[in-house]
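What follows is a single structure, written as structure tokens, with notes after it.
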Protein chains: 2
Amino acid sequence: MRVLIIGGVAGGMSAATRLRRLDETAEIVVFERGPYVSFANCGLPYHVGGVIAERDALLLQTPESLRSRFALDVRIGTEVTTIDRAAQTVTVREVATGETTTENYDRLILAMGADDRSRLSPAPEGPVVSTLRTVDDVDRIVAALPAGTTDARAVVAGGGFIGLEAVENLVHRGLQVTLVQHGAHPLSGLDIEMAAPLLDTLRAHGVHVRTGATVAEVDATGVTLADGTHIACDLVIDARGVTPATGLARDAGLQIGPAGGIRVDKHQRTSDPHIFAVGDGVEKTDAVTGEPVLVTMAGLANRHGRHIADVIASERTGVDPDAIPPALGTGIIQVFETTAAMTGWSEQRLRAAGLPHRVIHTHPSHHATYYPGAERMSMKLMVDPESDRILGAQIVGGRGVDKRIDVIATAMHAGITASGLSRLELAYAPQFASAKDPVNLIGYAADNLVTGLTAGIQWHELDAALSDGATLIDVRSAEEYAGGGIPGSVNVPLDELRDRLGDLPTGELIVHCQVGQRGHTSARLLAQAGRAVRNLDGGYLTWRDGARMSGQEQR
Amino acid sequence: MRVLIIGGVAGGMSAATRLRRLDETAEIVVFERGPYVSFANCGLPYHVGGVIAERDALLLQTPESLRSRFALDVRIGTEVTTIDRAAQTVTVREVATGETTTENYDRLILAMGADDRSRLSPAPEGPVVSTLRTVDDVDRIVAALPAGTTDARAVVAGGGFIGLEAVENLVHRGLQVTLVQHGAHPLSGLDIEMAAPLLDTLRAHGVHVRTGATVAEVDATGVTLADGTHIACDLVIDARGVTPATGLARDAGLQIGPAGGIRVDKHQRTSDPHIFAVGDGVEKTDAVTGEPVLVTMAGLANRHGRHIADVIASERTGVDPDAIPPALGTGIIQVFETTAAMTGWSEQRLRAAGLPHRVIHTHPSHHATYYPGAERMSMKLMVDPESDRILGAQIVGGRGVDKRIDVIATAMHAGITASGLSRLELAYAPQFASAKDPVNLIGYAADNLVTGLTAGIQWHELDAALSDGATLIDVRSAEEYAGGGIPGSVNVPLDELRDRLGDLPTGELIVHCQVGQRGHTSARLLAQAGRAVRNLDGGYLTWRDGARMSGQEQR
């Protein structure tokens with residue numbers, strides 16, 4: 001069995017090493033265009049920032065170490081230029097010399113990843129322009145920033161995962177950084193109100209954030225934005241996103257899917273049964289709709305690469321691997337003190353697709369509030385109103401965000417409903433959680449909605465409801481109310497509400513507190529008193545984040 | 001509807017507040033023997049240590065705050081002495097005056113928690129003796145330790161959750177602490193090899209740990225152990241465990257279950273349909289066997305209390321609550337820098353019960369090793385060999401332990417198999433995890449076992465296998481081997497193994513590395529070369545922890 005693998009990082013290398021453990025006799029050849037294999041992609045920005053001090057820490061394996069441990073034939077500096085499916089051969093070009101050879105295969109694995117969607121062209125004498133996706137990129141960026149550089153300026157184009165990591169690390173390095181972001185806020189997978197803390201953090205660290213902006217061109221002294229603004233800088237990081245590397249597959253007549261990636265079945269097999277594909281170049285199956293989708297996450301690439309080895313070796317091992325589960329798109333990023341994580345679909349995506357959904361916001365502390373150091377997080381859950389199925393989640397905060405997104409991703413994978421989150425038996429000690437964990441609490445909120453016990457209203461629905469004549473009651477304390485609130489609200493603290501039922505105006509009531517919990521108690525009290533009432537979901541905090549992101553004023 | 005609740009903490013108070021949100025018209029009366037309701041049980045030790053500086057932080061609610069917000073009638077300093085089920089009344093005694101009254105109920109909720117199993121008697125002029133379960137206890141202990149106390153000595157009897165938290169906090173306060181532990185190691189829910197890092201931590205912080213020891217009596221200068229040893233001290237914390245508070249229920253003729261707690265159905269209803277019970281006094285249904293079991297965790301009490309309210313109000317709300325899921329017994333504790341967590345059954349418990357099980361140990365880092373600050377943890381998974389069902393998990397380490405136990409507890413709740421853990425799509429960025437999370441990796445290890453791809457051997461099975469003639473091959477590097485290893489092992493580094501197959505002795509081979517991963521690669525290599533081979537589960541680290549806990553020497 002001769003197995004050729006094109007691409008020597010994440011997916012390709014996971015396939016190679018697993019296949020060796022399953023089949024000592026296979027001949028396994030890995031072609032990698034660049035000079036390095038199996039490097040730590042996700043660590044690259046942190047070497048720029050000096051967080052990962054040693055460049056060698058990024059280089060997890062070498063062709064030599066892979067040969068001695070796994071008997072792999074790893075050929076760096078080689079590019080596969082064509083696939084002849086009928087002959088089961090590929091043409092390999094040595095990058096340095098241009099020499100080509102032909103290599104035959106029994107099985108071929110495509111793990112080329114993604115290409116930049118487009119590249120900003122550097123200008124003569126202009127700032128250094130680089131992507132941040134390879135070790136060479138890092139070397140180029142680091143070379144452009146001599147040690148002790150303090151007054152240098154950088155523009156980062158694109159506020160996705162890599163762009164934000166670049167921003168943080170350039171600030172660490174002492175640069176003045178401008179983030180130029182095409183959309184309304186960085187990390188477009190987040191809904192707008194959830195991105196507010198991320199923007200706060202960026203600005204608190206002195207980052208200039210330009211939203212709704214794009215870099216038009218690089219010139220000798222900096223960049224010019226599409227609106228004509230010029231930003232002087234010494235370095236431009238191009239992080240405007242990637243597109244699946246499908247050229248080789250297209251040329252070979254392999255099927256490309258509707259999302260634009262190489263189409264594969266549930267075992268990562270392409271339309272040619274001898275050819276597998278994995279990683280950022282490949283379509284995944286979306287966990288919410290079952291439709292093909294692009295998800296560019298290292299975890300999926302690694303696990304799917306390993307799966308290909310299981311499939312290729314299955315005749316030998318006698319083990320038939322289970323189908324690959326659909327992808328949730330779980331992702332996480334830390335930007336300075338703020339962590340943002342997500343899994344499944346966002347509200348904006350559900351709305352754009354016209355899928356029915358219910359939204360729940362909470363603002364729990366990451367551990368018991370009576371124990372020092374509790375950090376508040378913002379949680380958001382998207383739920384199918386009919387089935388109570390979890391469609392997505394977003395969490396932004398500090399410590400404990402990663403834990404809650406992983407628990408919810410696990411629950412989604414297992415088909416646990418939104419209200420079912422309340423039933424999870426999670427570990428509690430005051431350093432780690434509350435007796436009812438934030439995940440339990442959002443499950444209770446979901447339960448109150450699915451059972452019809454309470455009705456919610458979203459921050460962006462409030463204006464219309466008030467225009468329709470509803471009265472907004474702020475049930476927080478008089479002190480909290482005095483500290484600022486929502487325009488047009490009337491203050492009736494929860495603890496006085498029972499005694500003041502007669503004072504309330506007729507018509508629909510909307511209640512709100514700081515985070516939604518006292519609002520819920522108030523809503524239950526009022527509903528039982530026969531009032532039509534809705535609770536402002538996520539309370540004042542969610543409304544405030546949403547309102548200021550959409551340019552509204554607070555009281 | 002008149003609802004009486006006996007016990008005003010965790011379970012009782014969750015029931016009371018939820019019931020009010022569901023039923024404004026119910027008369028809800030809470031009887032609490034002590035002077036405080038709704039206090040932070042799990043925070044008590046941390047006020048002793050000064051970590052929670054303000055005593056008020058422990059007092060989450062007062063009768064007044066509960067009256068104004070939830071219209072609850074909370075009567076502190078009252079004890080319910082008898083239940084007349086036929087009349088649906090209870091006798092209530094005012095603790096201060098001894099006066100008794102009779103109160104009728106439509107529904108009664110028993111939430112009295114647990115009693116101390118026994119109490120150490122103080123000696124005249126002797127050290128202060130106290131449990132650590134109430135605010136009064138904390139006041140007593142704090143009063144015994146004047147500010148600035150530095151040379152005081154304490155004995156903590158019992159190394160469970162509360163005992164260990166007491167130890168840590170007394171050390172924080174500057175005391176010399178001796179832990180007297182009945183069993184072979186603290187935190188008896190952990191298996192012996194998993195407790196090794198916990199013992200290391202205790203000893204590194206100067207705690208004297210006496211295992212296999214019990215306090216026989218307290219005298220004027222300290223305590224005497226059962227073996228006659230005398231330990232001088234000024235303070236004795238009695239943390240030797242609790243037993244369900246069932247006296248009132250027994251006297252009323254309610255059914256007590258085989259585990260010794262009040263028997264309840266899947267809706268927390270006792271054998272009397274008008275009486276519910278919740279918390280540490282009540283039996284839970286074990287998630288592994290479905291048998292009645294005692295689990296004394298605050299999270300369960302809180303969630304079950306809330307459930308009772310749902311059941312009582314169900315006629316009114318029209319919502320039929322789902323049955324309470326069985327209990328996993330998820331628990332966590334931090335002791336200095338070490339965190340220990342568990343869910344489901346331990347190996348020792350499975351063995352004692354004669355339940356078939358397979359064990360997997362791993363030692364992953366809590367995040368990518370190339371990113372600074374990665375902390376190693378020890379993970380252990382108990383698996384049903386037939387069904388691949390997860391029976392239990394234990395994790396000991398530093399950061400990231402809480403996340404992994406919660407993910408595994410969620411997976412167990414959902415019925416995800418051990419190998420299914422490999423398929424979870426968890427959040428990855430280098431600060432939080434590896435591209436294959438520790439939970440994924442232990443899932444892969446489980447998969448390799450359930451598919452028969454590899455065979456493992458446990459640390460405690462090694463001696464017998466070597467006696468039977470197996471050869472132990474240490475596949476770590478020569479440097480690692482020189483630094484210490486397992487007696488009788490031969491060093492053949494993995495990277496040389498393919499070339500030295502001819503040098504290996506005949507007969508069974510056992511391979512081991514540091515944590516088990518290179519051992520797995522070696523085992524696969526040797527198995528494919530036709531050798532009978534097993535991989536030492538968890539590698540040298542698990543063996544070392546197990547061996548030193550059972551008194552063996554290393555090479």
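Lettering and numbering for the structure tokens are positional, with chains as A, B, ... in the shown order, residues counted from 1 in each chain, and ligands counted from 1 in the shown order.
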
Dump as a list in words the residues of chain B that approach chain A to within 6 Å, counting only C-alpha atoms.
->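 Putting it all together, I get Arg21, Ala57, Ser68, Arg69, Ala298, Gly299, Thr330, Gly331, Ile332, Tyr370, Lys403, Asp406, Val407, Leu426, Ala427, Ala435, Lys436, Asp495, Thr521 and Arg524 of chain B.
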
How would you write, as a tab-separated table (two decimals) with N, CA, C and O atoms, in the first residue's frame, the set of residues in segment 343-534 of chain B that DSSP gives as alpha helix (DSSP H)?
```tsv
chain	number	residue	atom	x	y	z
B	347	GLU	N	-12.20	3.03	40.49
B	347	GLU	CA	-11.77	1.65	40.21
B	347	GLU	C	-11.94	0.77	41.44
B	347	GLU	O	-12.43	-0.36	41.34
B	348	GLN	N	-11.57	1.32	42.60
B	348	GLN	CA	-11.67	0.50	43.82
B	348	GLN	C	-13.12	0.10	44.09
B	348	GLN	O	-13.40	-1.03	44.52
B	349	ARG	N	-14.03	1.00	43.81
B	349	ARG	CA	-15.44	0.70	44.05
B	349	ARG	C	-15.95	-0.33	43.04
B	349	ARG	O	-16.70	-1.25	43.41
B	350	LEU	N	-15.55	-0.20	41.80
B	350	LEU	CA	-15.94	-1.18	40.78
B	350	LEU	C	-15.39	-2.56	41.13
B	350	LEU	O	-16.08	-3.57	41.01
B	351	ARG	N	-14.15	-2.57	41.59
B	351	ARG	CA	-13.52	-3.85	41.93
B	351	ARG	C	-14.23	-4.48	43.11
B	351	ARG	O	-14.54	-5.68	43.11
B	352	ALA	N	-14.52	-3.65	44.13
B	352	ALA	CA	-15.19	-4.18	45.33
B	352	ALA	C	-16.57	-4.73	44.98
B	352	ALA	O	-17.02	-5.72	45.56
B	353	ALA	N	-17.23	-4.10	44.02
B	353	ALA	CA	-18.57	-4.54	43.63
B	353	ALA	C	-18.53	-5.67	42.59
B	353	ALA	O	-19.57	-6.20	42.22
B	401	VAL	N	-8.57	21.16	35.07
B	401	VAL	CA	-9.17	19.92	35.58
B	401	VAL	C	-10.68	20.04	35.63
B	401	VAL	O	-11.42	19.13	35.23
B	402	ASP	N	-11.17	21.19	36.11
B	402	ASP	CA	-12.62	21.38	36.26
B	402	ASP	C	-13.32	21.27	34.91
B	402	ASP	O	-14.39	20.68	34.80
B	403	LYS	N	-12.69	21.80	33.87
B	403	LYS	CA	-13.31	21.74	32.54
B	403	LYS	C	-13.44	20.30	32.08
B	403	LYS	O	-14.52	19.90	31.61
B	404	ARG	N	-12.39	19.54	32.21
B	404	ARG	CA	-12.44	18.18	31.67
B	404	ARG	C	-13.41	17.30	32.46
B	404	ARG	O	-14.08	16.45	31.87
B	405	ILE	N	-13.50	17.47	33.77
B	405	ILE	CA	-14.45	16.62	34.50
B	405	ILE	C	-15.87	17.00	34.11
B	405	ILE	O	-16.75	16.12	34.02
B	406	ASP	N	-16.12	18.28	33.85
B	406	ASP	CA	-17.47	18.68	33.46
B	406	ASP	C	-17.84	18.15	32.08
B	406	ASP	O	-18.99	17.75	31.84
B	407	VAL	N	-16.88	18.15	31.18
B	407	VAL	CA	-17.17	17.60	29.84
B	407	VAL	C	-17.47	16.10	29.96
B	407	VAL	O	-18.42	15.59	29.35
B	408	ILE	N	-16.68	15.40	30.76
B	408	ILE	CA	-16.90	13.96	30.88
B	408	ILE	C	-18.21	13.68	31.62
B	408	ILE	O	-18.96	12.76	31.25
B	409	ALA	N	-18.52	14.47	32.64
B	409	ALA	CA	-19.80	14.28	33.35
B	409	ALA	C	-20.97	14.52	32.40
B	409	ALA	O	-21.98	13.80	32.45
B	410	THR	N	-20.83	15.50	31.52
B	410	THR	CA	-21.88	15.77	30.53
B	410	THR	C	-21.99	14.59	29.56
B	410	THR	O	-23.10	14.16	29.21
B	411	ALA	N	-20.85	14.08	29.15
B	411	ALA	CA	-20.85	12.93	28.24
B	411	ALA	C	-21.51	11.71	28.91
B	411	ALA	O	-22.30	11.00	28.28
B	412	MET	N	-21.20	11.47	30.18
B	412	MET	CA	-21.80	10.33	30.89
B	412	MET	C	-23.31	10.53	30.99
B	412	MET	O	-24.08	9.59	30.78
B	413	HIS	N	-23.72	11.72	31.34
B	413	HIS	CA	-25.14	12.03	31.44
B	413	HIS	C	-25.85	11.72	30.13
B	413	HIS	O	-26.97	11.21	30.11
B	414	ALA	N	-25.17	12.02	29.02
B	414	ALA	CA	-25.79	11.86	27.71
B	414	ALA	C	-25.61	10.46	27.14
B	414	ALA	O	-26.13	10.16	26.07
B	438	PRO	N	-7.38	16.94	25.78
B	438	PRO	CA	-7.20	15.78	26.66
B	438	PRO	C	-8.40	14.84	26.69
B	438	PRO	O	-8.24	13.63	26.80
B	439	VAL	N	-9.60	15.40	26.59
B	439	VAL	CA	-10.79	14.54	26.57
B	439	VAL	C	-10.85	13.74	25.27
B	439	VAL	O	-11.17	12.55	25.28
B	440	ASN	N	-10.52	14.36	24.15
B	440	ASN	CA	-10.44	13.62	22.88
B	440	ASN	C	-9.40	12.51	22.99
B	440	ASN	O	-9.63	11.38	22.55
B	441	LEU	N	-8.24	12.85	23.56
B	441	LEU	CA	-7.13	11.89	23.59
B	441	LEU	C	-7.46	10.67	24.43
B	441	LEU	O	-7.14	9.54	24.04
B	442	ILE	N	-8.12	10.86	25.56
B	442	ILE	CA	-8.46	9.68	26.36
B	442	ILE	C	-9.55	8.88	25.64
B	442	ILE	O	-9.61	7.65	25.75
B	443	GLY	N	-10.34	9.55	24.82
B	443	GLY	CA	-11.30	8.85	23.97
B	443	GLY	C	-10.60	8.00	22.92
B	443	GLY	O	-11.01	6.85	22.65
B	444	TYR	N	-9.53	8.52	22.36
B	444	TYR	CA	-8.76	7.72	21.39
B	444	TYR	C	-8.14	6.50	22.07
B	444	TYR	O	-8.11	5.41	21.51
B	445	ALA	N	-7.63	6.71	23.28
B	445	ALA	CA	-7.06	5.58	24.02
B	445	ALA	C	-8.12	4.51	24.25
B	445	ALA	O	-7.87	3.31	24.10
B	446	ALA	N	-9.33	4.97	24.59
B	446	ALA	CA	-10.44	4.02	24.79
B	446	ALA	C	-10.78	3.30	23.50
B	446	ALA	O	-11.04	2.09	23.49
B	447	ASP	N	-10.74	4.03	22.40
B	447	ASP	CA	-11.05	3.46	21.09
B	447	ASP	C	-10.03	2.38	20.73
B	447	ASP	O	-10.39	1.31	20.23
B	448	ASN	N	-8.76	2.64	21.01
B	448	ASN	CA	-7.73	1.66	20.70
B	448	ASN	C	-7.91	0.37	21.50
B	448	ASN	O	-7.52	-0.70	21.04
B	449	LEU	N	-8.50	0.49	22.66
B	449	LEU	CA	-8.74	-0.70	23.49
B	449	LEU	C	-10.01	-1.42	23.05
B	449	LEU	O	-10.02	-2.64	22.91
B	450	VAL	N	-11.09	-0.68	22.82
B	450	VAL	CA	-12.36	-1.34	22.51
B	450	VAL	C	-12.34	-1.98	21.13
B	450	VAL	O	-13.02	-2.98	20.89
B	462	LEU	N	1.78	-5.23	36.98
B	462	LEU	CA	3.09	-5.37	36.34
B	462	LEU	C	3.95	-6.44	37.00
B	462	LEU	O	4.55	-7.29	36.31
B	463	ASP	N	4.02	-6.44	38.32
B	463	ASP	CA	4.87	-7.40	39.03
B	463	ASP	C	4.54	-8.83	38.65
B	463	ASP	O	5.44	-9.63	38.38
B	464	ALA	N	3.24	-9.13	38.63
B	464	ALA	CA	2.84	-10.50	38.31
B	464	ALA	C	3.25	-10.87	36.89
B	464	ALA	O	3.75	-11.99	36.65
B	465	ALA	N	3.10	-9.93	35.95
B	465	ALA	CA	3.46	-10.23	34.56
B	465	ALA	C	4.96	-10.46	34.43
B	465	ALA	O	5.40	-11.37	33.71
B	466	LEU	N	5.75	-9.66	35.16
B	466	LEU	CA	7.21	-9.83	35.08
B	466	LEU	C	7.62	-11.16	35.72
B	466	LEU	O	8.50	-11.86	35.22
B	467	SER	N	6.96	-11.51	36.81
B	467	SER	CA	7.22	-12.81	37.44
B	467	SER	C	6.91	-13.96	36.50
B	467	SER	O	7.55	-15.01	36.54
B	478	ALA	N	17.39	7.46	26.15
B	478	ALA	CA	18.43	7.02	27.08
B	478	ALA	C	18.55	8.01	28.25
B	478	ALA	O	18.78	7.61	29.38
B	479	GLU	N	18.36	9.29	27.97
B	479	GLU	CA	18.45	10.30	29.03
B	479	GLU	C	17.33	10.11	30.05
B	479	GLU	O	17.55	10.18	31.27
B	480	GLU	N	16.14	9.91	29.56
B	480	GLU	CA	15.02	9.70	30.48
B	480	GLU	C	15.23	8.43	31.30
B	480	GLU	O	14.99	8.40	32.50
B	481	TYR	N	15.72	7.40	30.64
B	481	TYR	CA	15.95	6.12	31.32
B	481	TYR	C	16.99	6.30	32.42
B	481	TYR	O	16.83	5.80	33.54
B	482	ALA	N	18.03	7.05	32.11
B	482	ALA	CA	19.09	7.28	33.09
B	482	ALA	C	18.57	8.04	34.31
B	482	ALA	O	19.08	7.92	35.41
B	494	LEU	N	12.13	4.27	21.51
B	494	LEU	CA	11.18	4.08	20.41
B	494	LEU	C	11.83	4.34	19.06
B	494	LEU	O	11.62	3.59	18.10
B	495	ASP	N	12.62	5.42	18.98
B	495	ASP	CA	13.17	5.78	17.67
B	495	ASP	C	14.17	4.75	17.14
B	495	ASP	O	14.56	4.82	15.98
B	496	GLU	N	14.60	3.82	18.01
B	496	GLU	CA	15.55	2.76	17.55
B	496	GLU	C	14.85	1.42	17.43
B	496	GLU	O	15.46	0.42	17.00
B	497	LEU	N	13.58	1.38	17.82
B	497	LEU	CA	12.91	0.09	18.01
B	497	LEU	C	12.83	-0.72	16.71
B	497	LEU	O	13.08	-1.94	16.70
B	517	GLN	N	2.04	7.30	25.59
B	517	GLN	CA	1.79	7.59	24.18
B	517	GLN	C	2.85	6.93	23.28
B	517	GLN	O	2.49	6.24	22.32
B	518	ARG	N	4.12	7.12	23.62
B	518	ARG	CA	5.16	6.44	22.86
B	518	ARG	C	5.05	4.93	23.09
B	518	ARG	O	5.35	4.13	22.21
B	519	GLY	N	4.59	4.55	24.27
B	519	GLY	CA	4.36	3.13	24.55
B	519	GLY	C	3.35	2.56	23.58
B	519	GLY	O	3.51	1.44	23.08
B	520	HIS	N	2.31	3.33	23.29
B	520	HIS	CA	1.28	2.88	22.35
B	520	HIS	C	1.86	2.69	20.95
B	520	HIS	O	1.64	1.67	20.29
B	521	THR	N	2.64	3.67	20.50
B	521	THR	CA	3.27	3.55	19.18
B	521	THR	C	4.18	2.31	19.15
B	521	THR	O	4.18	1.55	18.19
B	522	SER	N	4.91	2.11	20.23
B	522	SER	CA	5.80	0.94	20.31
B	522	SER	C	5.01	-0.36	20.29
B	522	SER	O	5.38	-1.34	19.62
B	523	ALA	N	3.94	-0.38	21.03
B	523	ALA	CA	3.13	-1.60	21.11
B	523	ALA	C	2.55	-1.94	19.73
B	523	ALA	O	2.51	-3.11	19.33
B	524	ARG	N	2.12	-0.93	19.01
B	524	ARG	CA	1.58	-1.16	17.67
B	524	ARG	C	2.68	-1.70	16.74
B	524	ARG	O	2.45	-2.62	15.97
B	525	LEU	N	3.85	-1.11	16.86
B	525	LEU	CA	4.98	-1.53	16.03
B	525	LEU	C	5.31	-2.99	16.32
B	525	LEU	O	5.45	-3.81	15.39
B	526	LEU	N	5.39	-3.34	17.59
B	526	LEU	CA	5.78	-4.70	17.97
B	526	LEU	C	4.68	-5.70	17.64
B	526	LEU	O	4.97	-6.82	17.19
B	527	ALA	N	3.43	-5.31	17.86
B	527	ALA	CA	2.32	-6.22	17.54
B	527	ALA	C	2.32	-6.55	16.05
B	527	ALA	O	2.10	-7.70	15.66
B	528	GLN	N	2.60	-5.53	15.24
B	528	GLN	CA	2.63	-5.77	13.80
B	528	GLN	C	3.83	-6.60	13.38
B	528	GLN	O	3.84	-7.22	12.32
```

Nearest to Pro364 of chain A, restricted to only C-alpha atoms and choosing among A:Gly34, A:Gly397, A:Pro45, A:Gly189, comes out as A:Gly397

Near Val215 of chain A, counting only C-alpha atoms, which residues have an atom at most 9 Å away, once you skip same-chain residues fewer than 6 positions from it, shown as number ranges by chain?
-> A: 120, 157, 180-182, 223-227

When you draw a straight line from atom CA of Met549 of chain A to atom CA of Glu461 of chain A, how long is it in Å?
->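 Atom CA of Glu461 of chain A lies 14.9 Å from atom CA of Met549 of chain A.
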
Compile the contact shell of Tyr36 of chain A as an MDAnalysis selection string: residues with an atom at most 8 Å away, counting only C-alpha atoms, same-chain residues fewer than 2 positions apart removed.
-> chainID A and resid 8 32 34 38:39 59 62 76 135

Please identify all polymer residues within 12 Å of Gly257 of chain B, counting only C-alpha atoms, omitting same-chain residues fewer than 2 positions from it, and present them as a ChimeraX atom specification.
-> /B:244,246,249-250,254-255,259-265,270-271,281-285,291-294

Which polymer residues have any atom within 10 Å of an atom of Val80 of chain A, counting only C-alpha atoms, with same-chain residues fewer than 3 positions away left out, as a PyMOL selection string?
-> chain A and resi 5-7+31-33+83+90-95+100-103+112+248

Shortest interatomic distance to Pro356 of chain A - which of A:Arg210, A:Lys380, A:Arg389, A:Arg75, counting only C-alpha atoms |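 Residue with the minimum atom-to-atom distance to Pro356 of chain A: A:Arg389.
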
With only C-alpha atoms as the atoms that count, which of B:Gly50, B:Gly392, B:Gly212, B:Pro197 lies nearest to Glu168 of chain B?
->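 Under the stated criterion, the closest residue is B:Gly50.
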
In Å, with one decimal, what is the gap from atom CA of Asp238 of chain B to atom CA of Pro35 of chain B?
->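 Pair atom CA of Asp238 of chain B / atom CA of Pro35 of chain B returns 21.3 Å.
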
Separation of atom CA of Thr362 of chain B from atom CA of Ser378 of chain B, in Å and rounded to one decimal | 5.9 Å

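Compared by their closest atoms to Arg548 of chain A, and using only C-alpha atoms, the residues A:Ile486, A:Val242, A:Met377, A:Leu175 rank with A:Ile486 nearest.
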
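With distances restricted to only C-alpha atoms, B:Ser387 is the closest residue to Thr417 of chain B from B:Ser121, B:Thr82, B:Ser346, B:Ser387.
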